$ cat model.cif   # mmCIF, C-alpha atoms
data_protein
#
loop_
_atom_site.label_atom_id
_atom_site.label_comp_id
_atom_site.auth_asym_id
_atom_site.auth_seq_id
_atom_site.Cartn_x
_atom_site.Cartn_y
_atom_site.Cartn_z
CA MET L 609 129.53 123.59 77.94
CA GLY L 610 128.59 125.71 74.93
CA PHE L 611 127.47 125.01 71.40
CA THR L 612 129.35 122.56 69.24
CA LEU L 613 129.33 122.92 65.51
CA TYR L 614 130.89 120.65 62.89
CA TRP L 615 130.46 119.25 59.40
CA ASP L 616 128.60 115.96 59.61
CA ASP L 617 129.89 114.77 56.25
CA THR L 618 133.13 114.98 54.30
CA LEU L 619 131.48 116.87 51.43
CA GLN L 620 130.50 119.70 53.81
CA ASN L 621 126.83 119.57 52.88
CA VAL L 622 125.50 118.77 56.37
CA LEU L 623 126.20 121.13 59.25
CA HIS L 624 125.54 119.72 62.72
CA TYR L 625 124.70 122.06 65.61
CA ASN L 626 124.58 120.74 69.19
CA PHE L 627 122.82 123.14 71.54
CA PRO L 628 123.75 123.18 75.24
CA GLU L 629 121.33 122.78 78.15
CA THR L 630 120.92 126.54 78.51
CA TRP L 631 121.87 129.30 76.09
CA THR L 632 121.13 132.93 75.32
CA TRP L 633 120.51 134.90 72.15
CA ASP L 634 124.00 136.39 72.56
CA ASP L 635 125.45 132.85 72.60
CA LEU L 636 123.53 132.05 69.45
CA ALA L 637 124.82 135.22 67.74
CA VAL L 638 128.41 134.09 68.39
CA MET L 639 127.66 130.65 66.98
CA ARG L 640 125.96 132.21 63.94
CA LYS L 641 129.24 133.96 63.07
CA GLU L 642 130.97 130.57 63.13
CA VAL L 643 128.26 129.11 60.89
CA LEU L 644 128.69 131.92 58.36
CA ALA L 645 132.46 131.42 58.33
CA MET L 646 132.18 127.65 57.91
CA ILE L 647 129.75 127.98 55.01
CA ALA L 648 131.89 130.68 53.36
CA ASP L 649 135.02 128.51 53.69
CA ARG L 650 133.56 125.53 51.82
CA ALA L 651 135.35 124.57 48.63
CA HIS L 652 132.11 124.34 46.67
CA PRO L 653 128.76 126.11 46.48
CA GLY L 654 125.47 124.36 46.96
CA PRO L 655 122.85 123.59 49.54
CA VAL L 656 123.64 123.11 53.20
CA TYR L 657 121.35 120.95 55.34
CA CYS L 658 121.48 121.61 59.07
CA ILE L 659 120.95 119.16 61.90
CA VAL L 660 119.89 121.24 64.91
CA ASN L 661 120.31 118.93 67.90
CA MET L 662 118.48 120.35 70.91
CA SER L 663 118.43 117.13 72.94
CA ASP L 664 120.24 118.78 75.85
CA THR L 665 118.29 122.07 75.81
CA ARG L 666 115.96 122.41 78.79
CA ILE L 667 114.67 125.97 78.45
CA LEU L 668 114.41 128.15 75.37
CA PRO L 669 115.13 131.87 75.69
CA PHE L 670 112.19 134.29 75.63
CA GLY L 671 110.88 135.38 72.22
CA VAL L 672 111.79 132.25 70.30
CA ILE L 673 109.13 132.51 67.57
CA GLY L 674 109.96 136.09 66.59
CA ARG L 675 113.69 135.52 66.78
CA ALA L 676 113.38 132.30 64.80
CA ARG L 677 111.61 134.17 62.03
CA ALA L 678 114.35 136.81 61.86
CA GLY L 679 117.06 134.14 61.92
CA ILE L 680 115.51 132.05 59.17
CA GLU L 681 114.81 135.07 56.98
CA SER L 682 118.43 136.21 57.30
CA ARG L 683 119.97 132.75 56.87
CA PRO L 684 122.82 132.25 54.40
CA LYS L 685 121.38 131.58 50.94
CA ASP L 686 122.99 128.12 50.90
CA VAL L 687 121.02 126.88 53.92
CA ALA L 688 118.33 124.71 52.36
CA HIS L 689 116.67 123.03 55.34
CA LEU L 690 116.82 122.72 59.14
CA TYR L 691 116.21 119.34 60.80
CA PHE L 692 115.42 119.70 64.51
CA VAL L 693 116.30 116.75 66.75
CA GLY L 694 115.53 116.08 70.39
CA MET L 695 112.82 118.68 70.83
CA ARG L 696 110.84 118.42 74.04
CA ALA L 697 107.06 118.47 73.58
CA LEU L 698 106.79 122.19 74.36
CA HIS L 699 109.68 123.09 72.05
CA ALA L 700 108.24 120.95 69.24
CA GLY L 701 104.91 122.70 69.79
CA LEU L 702 106.63 126.04 69.25
CA ILE L 703 108.07 124.76 65.96
CA ARG L 704 104.62 123.61 64.84
CA THR L 705 103.15 126.99 65.85
CA PHE L 706 105.89 128.73 63.84
CA GLN L 707 105.03 126.56 60.84
CA ARG L 708 101.37 127.59 61.07
CA ILE L 709 102.13 131.30 61.49
CA TYR L 710 104.85 131.42 58.80
CA PRO L 711 104.04 128.56 56.40
CA ASP L 712 106.55 129.64 53.72
CA LEU L 713 109.42 129.67 56.22
CA GLY L 714 108.03 126.69 58.11
CA ARG L 715 108.45 124.44 55.06
CA MET L 716 112.18 124.44 55.61
CA LEU L 717 111.86 123.02 59.14
CA THR L 718 111.46 119.34 59.95
CA LEU L 719 111.13 117.70 63.36
CA CYS L 720 113.07 114.42 63.70
CA GLU L 721 113.19 111.86 66.47
CA THR L 722 116.92 111.14 66.26
CA VAL L 723 120.09 112.36 64.56
CA ASP L 724 120.04 109.19 62.44
CA ASP L 725 116.48 110.04 61.36
CA ALA L 726 117.65 113.53 60.35
CA ARG L 727 120.57 112.07 58.39
CA ALA L 728 118.26 109.65 56.56
CA ARG L 729 115.88 112.49 55.63
CA ILE L 730 118.79 114.60 54.40
CA ARG L 731 120.08 111.73 52.23
CA GLU L 732 116.58 111.38 50.81
CA GLN L 733 116.32 115.11 50.11
CA ILE L 734 119.76 115.17 48.45
CA SER L 735 118.91 112.16 46.27
CA ARG L 736 115.64 113.82 45.17
CA SER L 737 117.47 117.01 44.27
CA ASN L 738 120.02 115.06 42.19
CA LEU L 739 117.33 113.54 39.95
#
$ encode --input "model.cif" --output "structure tokens"
Amino acid sequence: MGFTLYWDDTLQNVLHYNFPETWTWDDLAVMRKEVLAMIADRAHPGPVYCIVNMSDTRILPFGVIGRARAGIESRPKDVAHLYFVGMRALHAGLIRTFQRIYPDLGRMLTLCETVDDARARIREQISRSNL
């Protein structure tokens, strides 16, 4: 089974990615095209918050920190924040390492315990931005 990607809310502000058990950078490139199309097809501009659910992922492809940097730097301008869910201890450690190496980019990454935790944090971030 591959990636699944869908809007988590009716307003199309929260994009939900489900990563499979194993995946490659080529697989991710295909999904990235879908992400770009979905964001471009929205009826309104504005920030997009992403839930990146890696609960099923067992092994990350080689070179994750460098590729993550390139991916985040080239993200669509509407992507405001990435909420990572279900990270194994080693994977979460890589995220924390990324945040230390690239603090400016790392600020837009948050580790969450559950999808519901990510949704609650997104609601909080949206309400703060609407003040």
$ closest_residue --input "model.cif" --among "L:Ala728, L:Ala676, L:Leu636, L:Val687" --to "L:Asn621" --atoms "only C-alpha atoms"
L:Val687
$ residues_near_point --input "model.cif" --point "(112.6, 119.3, 67.7)" --cutoff "9 Å" --atoms "only C-alpha atoms" --output "number ranges by chain"
L: 660-663, 691-697, 699-701, 703, 718-721
$ residues_around --input "model.cif" --residues "L:Ala645" --least-positions-apart "6" --cutoff "12 Å" --atoms "only C-alpha atoms" --output "list in words"
Leu613, Tyr614, Val638, Met639 and Pro684 of chain L
$ residues_around --input "model.cif" --residues "L:Arg715" --least-positions-apart "3" --cutoff "12 Å" --atoms "all atoms listed in the file" --output "list of chain:residue names"
L:Ile680, L:Ala688, L:His689, L:Leu690, L:Tyr691, L:Ile703, L:Arg704, L:Phe706, L:Gln707, L:Arg708, L:Ile709, L:Tyr710, L:Pro711, L:Asp712, L:Thr718, L:Leu719
$ residues_around --input "model.cif" --residues "L:Pro628" --least-positions-apart "6" --cutoff "6 Å" --atoms "only C-alpha atoms" --output "list of chain:residue names"
L:Gly610, L:Phe611, L:Asp664, L:Thr665
$ closest_residue --input "model.cif" --among "L:Arg727, L:Phe670, L:Asn738, L:Thr705" --to "L:Leu623" --atoms "all atoms listed in the file"
L:Arg727
$ closest_residue --input "model.cif" --among "L:Val656, L:Val723, L:Leu668, L:Arg640" --to "L:Trp615" --atoms "all atoms listed in the file"
L:Val656
$ atom_distance --input "model.cif" --atom1 "atom CA of L:Asp634" --atom2 "atom CA of L:Met716"
23.9 Å
$ atom_distance --input "model.cif" --atom1 "atom CA of L:Tyr657" --atom2 "atom CA of L:Ile730"
6.9 Å
$ atom_distance --input "model.cif" --atom1 "atom CA of L:Trp631" --atom2 "atom CA of L:Ala648"
24.9 Å
$ axis_aligned_box --input "model.cif" --around "stretch 675-686 of chain L" --padding-each-side "8 Å" --output "JSON"
{"center_x": 117.3, "center_y": 132.5, "center_z": 58.8, "size_x": 27.4, "size_y": 24.7, "size_z": 31.9}
$ closest_residue --input "model.cif" --among "L:Pro655, L:Leu698, L:Gly671, L:Tyr625" --to "L:Gln733" --atoms "all atoms listed in the file"
L:Pro655
$ closest_residue --input "model.cif" --among "L:Arg677, L:Arg736, L:Arg683, L:Arg731" --to "L:Val643" --atoms "all atoms listed in the file"
L:Arg683
$ decode --input "model.cif" --residues "stretch 655-678 of chain L" --atoms "N, CA and C atoms" --output "short mmCIF file (atom, residue, chain, number, x, y, z; two decimals), in the first residue's frame"
data_model
loop_
_atom_site.label_atom_id
_atom_site.label_comp_id
_atom_site.auth_asym_id
_atom_site.auth_seq_id
_atom_site.Cartn_x
_atom_site.Cartn_y
_atom_site.Cartn_z
N PRO L 655 -2.80 29.67 4.69
CA PRO L 655 -1.89 28.65 5.19
C PRO L 655 -2.47 27.24 5.13
N VAL L 656 -1.57 26.30 4.90
CA VAL L 656 -1.90 24.88 4.93
C VAL L 656 -1.06 24.25 6.04
N TYR L 657 -1.72 23.52 6.90
CA TYR L 657 -1.06 22.79 7.99
C TYR L 657 -1.09 21.32 7.63
N CYS L 658 0.03 20.66 7.77
CA CYS L 658 0.15 19.27 7.31
C CYS L 658 0.32 18.31 8.47
N ILE L 659 -0.50 17.28 8.50
CA ILE L 659 -0.33 16.17 9.43
C ILE L 659 0.43 15.09 8.67
N VAL L 660 1.63 14.79 9.12
CA VAL L 660 2.49 13.79 8.47
C VAL L 660 2.48 12.56 9.36
N ASN L 661 1.62 11.59 9.02
CA ASN L 661 1.43 10.41 9.85
C ASN L 661 2.39 9.31 9.39
N MET L 662 3.40 9.05 10.22
CA MET L 662 4.40 8.04 9.89
C MET L 662 4.29 6.83 10.82
N SER L 663 3.10 6.61 11.36
CA SER L 663 2.89 5.50 12.30
C SER L 663 3.24 4.15 11.71
N ASP L 664 3.02 3.97 10.42
CA ASP L 664 3.30 2.68 9.78
C ASP L 664 4.72 2.54 9.26
N THR L 665 5.46 3.65 9.17
CA THR L 665 6.80 3.62 8.59
C THR L 665 7.78 2.92 9.54
N ARG L 666 8.47 1.94 9.00
CA ARG L 666 9.45 1.17 9.78
C ARG L 666 10.87 1.68 9.55
N ILE L 667 11.21 1.95 8.31
CA ILE L 667 12.57 2.34 7.95
C ILE L 667 12.51 3.58 7.06
N LEU L 668 13.31 4.57 7.40
CA LEU L 668 13.40 5.77 6.57
C LEU L 668 14.48 5.57 5.51
N PRO L 669 14.27 6.11 4.31
CA PRO L 669 15.30 6.00 3.28
C PRO L 669 16.58 6.74 3.69
N PHE L 670 17.68 6.36 3.11
CA PHE L 670 18.98 6.97 3.39
C PHE L 670 18.96 8.46 3.04
N GLY L 671 19.66 9.27 3.83
CA GLY L 671 19.82 10.69 3.52
C GLY L 671 18.67 11.56 3.94
N VAL L 672 17.95 11.15 4.98
CA VAL L 672 16.71 11.85 5.33
C VAL L 672 16.94 13.30 5.77
N ILE L 673 18.00 13.60 6.49
CA ILE L 673 18.18 14.97 6.97
C ILE L 673 18.43 15.93 5.81
N GLY L 674 19.32 15.56 4.91
CA GLY L 674 19.60 16.42 3.75
C GLY L 674 18.41 16.57 2.83
N ARG L 675 17.72 15.47 2.60
CA ARG L 675 16.54 15.53 1.73
C ARG L 675 15.41 16.31 2.39
N ALA L 676 15.29 16.18 3.70
CA ALA L 676 14.25 16.93 4.41
C ALA L 676 14.50 18.42 4.28
N ARG L 677 15.75 18.82 4.39
CA ARG L 677 16.08 20.24 4.24
C ARG L 677 15.65 20.74 2.86
N ALA L 678 16.03 20.01 1.83
CA ALA L 678 15.68 20.43 0.46
C ALA L 678 14.17 20.47 0.28
#
